[in-house]
>>> print(open('protein-v3.cif').read())   # mmCIF, C-alpha atoms and all ligand atoms
data_input
#
loop_
_atom_site.label_atom_id
_atom_site.label_comp_id
_atom_site.auth_asym_id
_atom_site.auth_seq_id
_atom_site.Cartn_x
_atom_site.Cartn_y
_atom_site.Cartn_z
CA MET A 16 41.82 -53.46 23.90
CA SER A 17 42.67 -50.41 25.98
CA ASN A 18 45.62 -48.37 24.71
CA ASN A 19 47.96 -49.09 27.58
CA VAL A 20 47.95 -52.88 27.08
CA ASP A 21 51.33 -54.25 26.06
CA PRO A 22 50.24 -57.59 24.53
CA ALA A 23 53.69 -59.20 24.81
CA ALA A 24 54.05 -58.24 28.48
CA PHE A 25 50.55 -59.46 29.32
CA HIS A 26 51.07 -62.71 27.41
CA GLU A 27 54.28 -63.35 29.36
CA PHE A 28 52.59 -62.51 32.67
CA GLU A 29 49.74 -64.96 31.94
CA HIS A 30 52.15 -67.65 30.79
CA GLU A 31 54.23 -67.44 33.97
CA GLY A 32 51.06 -67.47 36.06
CA TRP A 33 49.53 -70.54 34.43
CA GLN A 34 52.82 -72.41 34.59
CA GLU A 35 52.77 -71.88 38.33
CA VAL A 36 49.13 -72.69 39.13
CA ALA A 37 48.60 -75.67 36.81
CA THR A 38 48.91 -78.34 39.51
CA ARG A 39 46.43 -76.49 41.78
CA TYR A 40 43.92 -75.55 39.07
CA HIS A 41 41.92 -78.79 38.99
CA ASP A 42 41.09 -78.89 42.70
CA ALA A 43 40.19 -75.20 42.60
CA PHE A 44 38.21 -74.79 39.38
CA ALA A 45 37.22 -78.15 37.86
CA ALA A 46 33.87 -78.25 39.70
CA LEU A 47 33.03 -74.94 38.05
CA THR A 48 34.53 -74.86 34.56
CA THR A 49 33.43 -78.42 33.70
CA GLN A 50 29.80 -77.34 34.15
CA SER A 51 29.74 -75.64 30.73
CA VAL A 52 31.47 -78.39 28.76
CA VAL A 53 28.31 -80.17 27.58
CA ALA A 54 26.74 -76.94 26.31
CA LEU A 55 30.05 -75.89 24.71
CA LEU A 56 30.46 -79.16 22.82
CA ASP A 57 26.79 -79.13 21.79
CA ALA A 58 27.17 -75.57 20.44
CA ALA A 59 30.19 -76.67 18.39
CA LYS A 60 28.22 -79.75 17.19
CA VAL A 61 30.83 -82.16 18.54
CA THR A 62 29.63 -85.70 17.94
CA GLU A 63 31.23 -89.01 17.04
CA GLY A 64 33.94 -88.69 14.41
CA VAL A 65 34.13 -84.87 14.57
CA ARG A 66 37.68 -83.47 14.58
CA VAL A 67 37.76 -80.98 17.47
CA LEU A 68 40.50 -78.71 18.76
CA ASP A 69 40.26 -77.63 22.43
CA VAL A 70 42.24 -74.36 22.60
CA ALA A 71 43.60 -73.15 25.97
CA CYS A 72 42.58 -76.62 27.12
CA GLY A 73 44.04 -76.39 30.65
CA PRO A 74 43.65 -79.86 32.24
CA GLY A 75 41.80 -81.00 29.11
CA TYR A 76 38.17 -81.15 30.24
CA ALA A 77 36.55 -80.25 26.90
CA ALA A 78 38.91 -82.46 24.86
CA GLY A 79 38.36 -85.33 27.30
CA ALA A 80 34.58 -84.98 27.11
CA ALA A 81 34.72 -84.71 23.31
CA ALA A 82 36.75 -87.93 23.12
CA ALA A 83 34.14 -89.60 25.35
CA ARG A 84 31.56 -88.64 22.68
CA GLY A 85 33.65 -90.46 20.10
CA ALA A 86 35.15 -87.29 18.60
CA SER A 87 38.74 -87.09 17.44
CA ALA A 88 39.97 -84.57 20.01
CA VAL A 89 43.20 -82.59 20.31
CA GLY A 90 43.98 -80.12 23.10
CA VAL A 91 46.51 -77.28 23.06
CA ASP A 92 47.64 -74.97 25.83
CA PHE A 93 50.63 -72.60 26.04
CA SER A 94 51.52 -73.86 29.52
CA SER A 95 53.66 -77.00 29.53
CA THR A 96 52.55 -77.78 33.09
CA MET A 97 48.88 -77.59 32.05
CA VAL A 98 49.63 -79.92 29.13
CA GLU A 99 51.22 -82.39 31.57
CA GLU A 100 48.06 -82.22 33.73
CA ALA A 101 45.87 -82.84 30.68
CA ARG A 102 47.95 -85.81 29.51
CA ARG A 103 47.79 -87.31 32.99
CA ARG A 104 44.01 -86.95 33.20
CA TYR A 105 43.18 -88.08 29.65
CA PRO A 106 46.03 -90.39 28.53
CA SER A 107 44.25 -91.46 25.35
CA VAL A 108 43.75 -87.89 24.08
CA GLU A 109 46.40 -85.94 22.16
CA PHE A 110 47.63 -82.78 23.92
CA GLY A 111 50.41 -80.41 22.95
CA GLU A 112 51.90 -77.05 23.76
CA GLY A 113 50.55 -74.34 21.54
CA ASP A 114 49.57 -70.70 21.48
CA ALA A 115 45.93 -69.82 20.85
CA GLU A 116 47.11 -66.70 19.02
CA GLN A 117 49.36 -68.67 16.64
CA LEU A 118 48.20 -72.27 16.20
CA SER A 119 50.52 -74.78 14.56
CA SER A 120 47.64 -76.77 12.96
CA SER A 121 47.18 -76.57 9.21
CA ASP A 122 44.36 -74.73 7.50
CA SER A 123 40.91 -76.38 7.45
CA SER A 124 42.09 -79.31 9.60
CA PHE A 125 39.25 -79.31 12.18
CA ASP A 126 35.44 -79.50 12.15
CA ALA A 127 35.12 -77.74 15.52
CA VAL A 128 37.21 -75.45 17.71
CA VAL A 129 36.27 -74.79 21.34
CA LEU A 130 37.69 -72.51 24.03
CA ASN A 131 36.37 -73.06 27.56
CA TYR A 132 37.21 -69.89 29.54
CA GLY A 133 40.25 -69.23 27.37
CA MET A 134 39.28 -66.02 25.55
CA LEU A 135 39.34 -63.82 28.64
CA HIS A 136 42.98 -64.72 29.37
CA LEU A 137 44.36 -63.83 25.97
CA ALA A 138 46.40 -60.75 25.18
CA ARG A 139 45.04 -60.74 21.61
CA PRO A 140 41.70 -62.64 21.56
CA GLU A 141 40.99 -61.44 18.00
CA LEU A 142 44.02 -63.40 16.83
CA ALA A 143 42.67 -66.55 18.53
CA LEU A 144 39.36 -66.16 16.65
CA SER A 145 41.22 -65.63 13.35
CA GLU A 146 43.30 -68.72 14.06
CA ALA A 147 40.18 -70.74 14.90
CA HIS A 148 38.72 -69.59 11.58
CA ARG A 149 41.88 -70.61 9.71
CA VAL A 150 42.10 -74.13 11.16
CA LEU A 151 38.37 -74.82 10.70
CA ARG A 152 37.01 -76.28 7.48
CA PRO A 153 34.24 -74.31 5.79
CA GLY A 154 31.02 -75.26 7.59
CA GLY A 155 32.90 -76.00 10.82
CA ARG A 156 31.96 -74.39 14.12
CA VAL A 157 33.71 -72.36 16.78
CA ALA A 158 32.34 -72.08 20.34
CA PHE A 159 33.69 -70.33 23.42
CA THR A 160 32.62 -69.65 26.97
CA VAL A 161 33.54 -66.66 29.13
CA TRP A 162 32.30 -65.55 32.53
CA ASP A 163 29.11 -63.56 32.64
CA THR A 164 29.12 -60.05 34.09
CA PRO A 165 29.86 -59.83 37.86
CA ASP A 166 26.15 -59.37 38.70
CA ARG A 167 25.53 -62.88 37.27
CA ALA A 168 28.90 -64.53 37.87
CA ILE A 169 28.51 -63.58 41.51
CA GLY A 170 31.89 -64.93 42.70
CA PHE A 171 33.61 -62.32 40.54
CA GLY A 172 31.24 -59.64 41.81
CA ILE A 173 32.15 -60.51 45.42
CA ILE A 174 35.89 -60.55 44.78
CA LEU A 175 36.08 -57.41 42.70
CA SER A 176 33.86 -55.35 44.99
CA ALA A 177 35.91 -56.47 48.04
CA ILE A 178 39.15 -55.42 46.34
CA GLN A 179 37.60 -52.15 45.18
CA LYS A 180 36.27 -51.41 48.69
CA HIS A 181 39.41 -52.18 50.70
CA GLY A 182 42.30 -52.54 48.30
CA ASN A 183 44.51 -50.80 45.83
CA MET A 184 43.64 -51.48 42.19
CA ASN A 185 46.77 -49.70 40.94
CA VAL A 186 49.31 -52.42 41.46
CA PRO A 187 52.23 -53.16 39.14
CA ILE A 188 50.65 -55.88 37.00
CA PRO A 189 50.83 -55.71 33.19
CA PRO A 190 47.39 -54.44 32.15
CA GLY A 191 45.34 -56.88 30.08
CA PRO A 192 42.28 -56.60 27.86
CA PRO A 193 38.98 -56.07 29.74
CA PHE A 194 38.14 -59.31 31.57
CA PHE A 195 34.40 -59.03 30.87
CA ARG A 196 34.64 -57.85 27.25
CA PHE A 197 33.02 -60.96 25.76
CA SER A 198 30.37 -61.15 28.49
CA ASP A 199 28.55 -58.64 26.28
CA PRO A 200 26.69 -60.78 23.71
CA GLU A 201 26.85 -58.03 21.09
CA GLU A 202 30.63 -57.71 21.50
CA SER A 203 31.06 -61.49 21.18
CA LYS A 204 28.98 -61.50 18.00
CA ARG A 205 30.90 -58.53 16.63
CA ALA A 206 34.27 -60.18 17.28
CA LEU A 207 33.14 -63.46 15.67
CA ILE A 208 31.92 -61.67 12.56
CA ALA A 209 35.11 -59.57 12.40
CA ALA A 210 37.11 -62.83 12.40
CA GLY A 211 35.13 -64.04 9.36
CA PHE A 212 32.49 -66.22 11.05
CA SER A 213 28.77 -66.08 10.28
CA ASP A 214 25.51 -66.80 12.10
CA PRO A 215 26.79 -66.05 15.62
CA VAL A 216 24.61 -67.26 18.48
CA VAL A 217 25.19 -66.13 22.07
CA GLY A 218 23.39 -67.41 25.15
CA HIS A 219 23.83 -67.82 28.90
CA VAL A 220 24.67 -71.02 30.79
CA LYS A 221 23.32 -71.02 34.34
CA GLN A 222 25.79 -72.53 36.77
CA VAL A 223 26.13 -72.77 40.54
CA TRP A 224 29.46 -73.16 42.31
CA ARG A 225 29.04 -75.21 45.48
CA LEU A 226 31.96 -74.15 47.66
CA PRO A 227 33.20 -76.33 50.53
CA SER A 228 33.43 -73.32 52.89
CA SER A 229 32.86 -69.58 52.86
CA ASN A 230 36.64 -69.06 52.88
CA ALA A 231 37.13 -71.21 49.78
CA LEU A 232 36.48 -68.44 47.25
CA PHE A 233 39.34 -66.31 48.60
CA GLU A 234 41.68 -69.32 48.82
CA ILE A 235 40.88 -70.46 45.30
CA PHE A 236 41.52 -67.09 43.70
CA PHE A 237 44.56 -66.38 45.87
CA ASN A 238 46.19 -69.74 45.10
CA ALA A 239 44.95 -70.91 41.73
CA SER A 240 44.11 -67.93 39.49
CA VAL A 241 46.45 -65.56 37.65
CA ARG A 242 45.20 -61.97 37.21
CA ASN A 243 43.09 -61.84 40.37
CA ALA A 244 45.78 -63.65 42.38
CA ALA A 245 48.36 -61.05 41.34
CA LEU A 246 45.96 -58.28 42.37
CA LEU A 247 45.36 -59.92 45.77
CA ARG A 248 49.02 -60.77 46.40
CA ALA A 249 50.03 -57.17 45.76
CA GLN A 250 47.90 -55.86 48.68
CA GLU A 251 49.28 -54.89 52.10
CA PRO A 252 48.68 -57.59 54.79
CA GLU A 253 46.00 -55.67 56.74
CA VAL A 254 44.21 -54.74 53.51
CA LEU A 255 44.33 -58.36 52.41
CA ALA A 256 42.78 -59.44 55.72
CA ALA A 257 39.91 -56.98 55.20
CA ILE A 258 39.41 -58.20 51.63
CA ARG A 259 39.40 -61.80 52.79
CA ASN A 260 36.81 -61.06 55.46
CA GLU A 261 34.60 -59.16 53.02
CA ILE A 262 34.77 -62.02 50.49
CA GLN A 263 33.90 -64.56 53.20
CA GLN A 264 30.83 -62.55 54.25
CA GLY A 265 29.77 -62.18 50.63
CA VAL A 266 29.93 -65.94 50.07
CA GLU A 267 28.01 -66.67 53.29
CA LYS A 268 25.05 -64.68 51.94
CA TYR A 269 24.68 -67.34 49.26
CA ARG A 270 25.15 -70.22 51.73
CA ASN A 271 28.25 -71.20 49.70
CA ASP A 272 26.15 -71.84 46.54
CA LEU A 273 27.34 -69.12 44.22
CA PRO A 274 25.56 -68.35 40.95
CA MET A 275 28.37 -68.35 38.35
CA SER A 276 26.65 -67.96 35.04
CA SER A 277 28.66 -67.99 31.83
CA VAL A 278 28.20 -66.67 28.32
CA LEU A 279 28.42 -69.17 25.47
CA ALA A 280 29.09 -67.89 21.97
CA SER A 281 29.27 -69.94 18.79
CA ALA A 282 29.37 -69.34 15.07
CA LEU A 283 29.79 -70.95 11.68
CA ARG A 284 32.97 -70.92 9.58
C1 LIG B 301 40.89 -70.52 32.99
S1 LIG B 301 41.96 -71.70 32.28
C2 LIG B 301 40.77 -72.69 31.39
C3 LIG B 301 41.21 -74.12 31.31
C4 LIG B 301 40.21 -75.10 30.74
N1 LIG B 301 39.87 -74.78 29.37
C5 LIG B 301 38.97 -75.24 31.58
O1 LIG B 301 37.91 -75.42 31.00
O2 LIG B 301 39.02 -75.22 32.81
C6 LIG B 301 42.74 -70.79 31.01
C7 LIG B 301 43.77 -71.59 30.24
O3 LIG B 301 44.19 -70.81 29.13
C8 LIG B 301 45.55 -71.08 28.89
N2 LIG B 301 46.06 -69.98 28.06
C9 LIG B 301 46.11 -68.66 28.36
N3 LIG B 301 46.62 -67.98 27.33
C10 LIG B 301 46.89 -68.87 26.34
C11 LIG B 301 47.42 -68.77 25.03
N4 LIG B 301 47.80 -67.59 24.53
N5 LIG B 301 47.53 -69.89 24.30
C12 LIG B 301 47.17 -71.10 24.81
N6 LIG B 301 46.68 -71.26 26.05
C13 LIG B 301 46.53 -70.16 26.80
C14 LIG B 301 46.15 -71.18 30.28
O4 LIG B 301 47.39 -71.83 30.30
C15 LIG B 301 45.04 -71.93 31.01
O5 LIG B 301 45.27 -73.32 30.95
#
>>> encode(input="protein-v3.cif", output="structure tokens")
Amino acid sequence: MSNNVDPAAFHEFEHEGWQEVATRYHDAFAALTTQSVVALLDAAKVTEGVRVLDVACGPGYAAGAAAARGASAVGVDFSSTMVEEARRRYPSVEFGEGDAEQLSSSDSSFDAVVLNYGMLHLARPELALSEAHRVLRPGGRVAFTVWDTPDRAIGFGIILSAIQKHGNMNVPIPPGPPFFRFSDPEESKRALIAAGFSDPVVGHVKQVWRLPSSNALFEIFFNASVRNAALLRAQEPEVLAAIRNEIQQGVEKYRNDLPMSSVLASALR
């Protein structure tokens, strides 16, 4: 974590953001983030009867898919509006409010813990890994996905280079940990081992995001993300128009089919 990160301020900023975007998140991101769920659950060895905790569950995709495999699934998210979304989508699955950095579950109460694109939003991701370790039984498995680097998760490459080219990166947003920290396989392995896990395995999941229009990428991030939305919303109107145009042109180059690869890390408790 860089020295100027105030974890409490960043945590509060993320919480407010997710509370606000929860009802828009599914339409914006489900077609993308659900693509890694099968690989995530496989990496955590989620099969029938396995007790699995989906941390930072959002609308509950991983917990819902785990339940469909016959697992005993529970989802937690620190946003009450996300939890409402999850309960609505998967009424037979148990969801509750909870903080990834301080889980309320008892020690050794799960066989698997998964985080689908949760780690990169946390103020203190090390605490989430320690908590996953605590609630897992010995021999249980943790697995998480994060976005790959912007040269492979091309949507991020397009957005960030458009903001860097036209915009102001120094806007008053609480600084957070580096967004692409765990995209580095060695860093993911290091963090897993530091949290007490063994046998870390890190791979890439190839994914393509089929966007309905070349303007969709801007709209999605402007309306349904947190950190990037705050960065975009803080720009002057004419700068924002230039960024939007640049993003649109970037998406057109891929004919709206954006490579959005992710990194999948897993390890043994
Ligand atoms: C990018 S969304 C991922 C949602 C879902 N897992 C998916 O696959 O689409 C990130 C989620 O992390 C949640 N989140 C962020 N920080 C959290 C924390 N400290 N504890 C619990 N949930 C958190 C947000 O509320 C949001 O639902």
>>> closest_residue(input="protein-v3.cif", among="A:Ala138, A:Val67, A:Val128, A:Val254", to="ligand LIG 301 (chain B)", atoms="all atoms listed in the file")
A:Ala138
>>> residues_around(input="protein-v3.cif", residues="Glu109 (chain A)", least_positions_apart="4", cutoff="8 Å", atoms="all atoms listed in the file", output="list in words")
Ala88, Val89, Gly90 and Arg102 of chain A
>>> residues_near_ligand(input="protein-v3.cif", ligand="ligand LIG 301 (chain B)", cutoff="9 Å", atoms="only C-alpha atoms and all ligand atoms", output="PyMOL selection string")
chain A and resi 26+29-34+37+40-41+44-45+47-52+69-78+91-98+112-118+129-140+143+160+240-241
>>> closest_residue(input="protein-v3.cif", among="A:Ala43, A:Ile188, A:Ala177, A:Leu56", to="Asn19 (chain A)", atoms="all atoms listed in the file")
A:Ile188
>>> residues_around(input="protein-v3.cif", residues="Ala249 (chain A)", least_positions_apart="3", cutoff="7 Å", atoms="all atoms listed in the file", output="list of chain:residue names")
A:Val186, A:Ala245, A:Leu246
>>> write_last_selection(input="protein-v3.cif", atoms="C-alpha atoms", output="PDB file, in the frame of the given file")
ATOM      1  CA  VAL A 186      49.310 -52.420  41.460  1.00  0.00           C
ATOM      2  CA  ALA A 245      48.360 -61.050  41.340  1.00  0.00           C
ATOM      3  CA  LEU A 246      45.960 -58.280  42.370  1.00  0.00           C
TER       4      LEU A 246
END
>>> residues_around(input="protein-v3.cif", residues="Val278 (chain A)", least_positions_apart="6", cutoff="7 Å", atoms="all atoms listed in the file", output="JSON, numbers by chain")
{"A": [160, 161, 162, 163, 198, 217, 218, 219, 220]}
>>> closest_residue(input="protein-v3.cif", among="A:Thr38, A:Ser107, A:Ser281, A:Gln222", to="Arg205 (chain A)", atoms="all atoms listed in the file")
A:Ser281
>>> atom_distance(input="protein-v3.cif", atom1="CA of Leu255 (chain A)", atom2="CA of Ser277 (chain A)")
27.6 Å
>>> residues_near_point(input="protein-v3.cif", point="(31.4, -61.3, 52.5)", cutoff="12 Å", atoms="only C-alpha atoms", output="ChimeraX atom specification")
/A:169-170,172-178,180,229-233,256-271
>>> axis_aligned_box(input="protein-v3.cif", around="region 161-179 of chain A", padding_each_side="6 Å", output="JSON")
{"center_x": 32.3, "center_y": -59.4, "center_z": 38.6, "size_x": 25.6, "size_y": 26.5, "size_z": 30.9}
>>> atom_distance(input="protein-v3.cif", atom1="CA of Phe212 (chain A)", atom2="CA of Ala82 (chain A)")
25.2 Å
>>> residues_around(input="protein-v3.cif", residues="Asn238 (chain A)", least_positions_apart="4", cutoff="8 Å", atoms="all atoms listed in the file", output="NGL selection string")
:A and (36 or 39 or 234 or 244)
>>> atom_distance(input="protein-v3.cif", atom1="CA of Val157 (chain A)", atom2="CA of Asp57 (chain A)")
10.9 Å
>>> closest_residue(input="protein-v3.cif", among="A:Ala280, A:Glu251, A:Gly154, A:Met184", to="Val216 (chain A)", atoms="all atoms listed in the file")
A:Ala280
>>> closest_residue(input="protein-v3.cif", among="A:Ala83, A:Leu247, A:Val20, A:Leu142", to="Gly182 (chain A)", atoms="all atoms listed in the file")
A:Leu247
>>> residues_around(input="protein-v3.cif", residues="Lys60 (chain A)", least_positions_apart="4", cutoff="9 Å", atoms="only C-alpha atoms", output="list in words")
Leu55, Leu56, Val65, Asp126, Ala127, Gly155 and Arg156 of chain A
>>> closest_residue(input="protein-v3.cif", among="A:Ala147, A:Phe171, A:Ser120, A:Asn183", to="Phe236 (chain A)", atoms="all atoms listed in the file")
A:Phe171
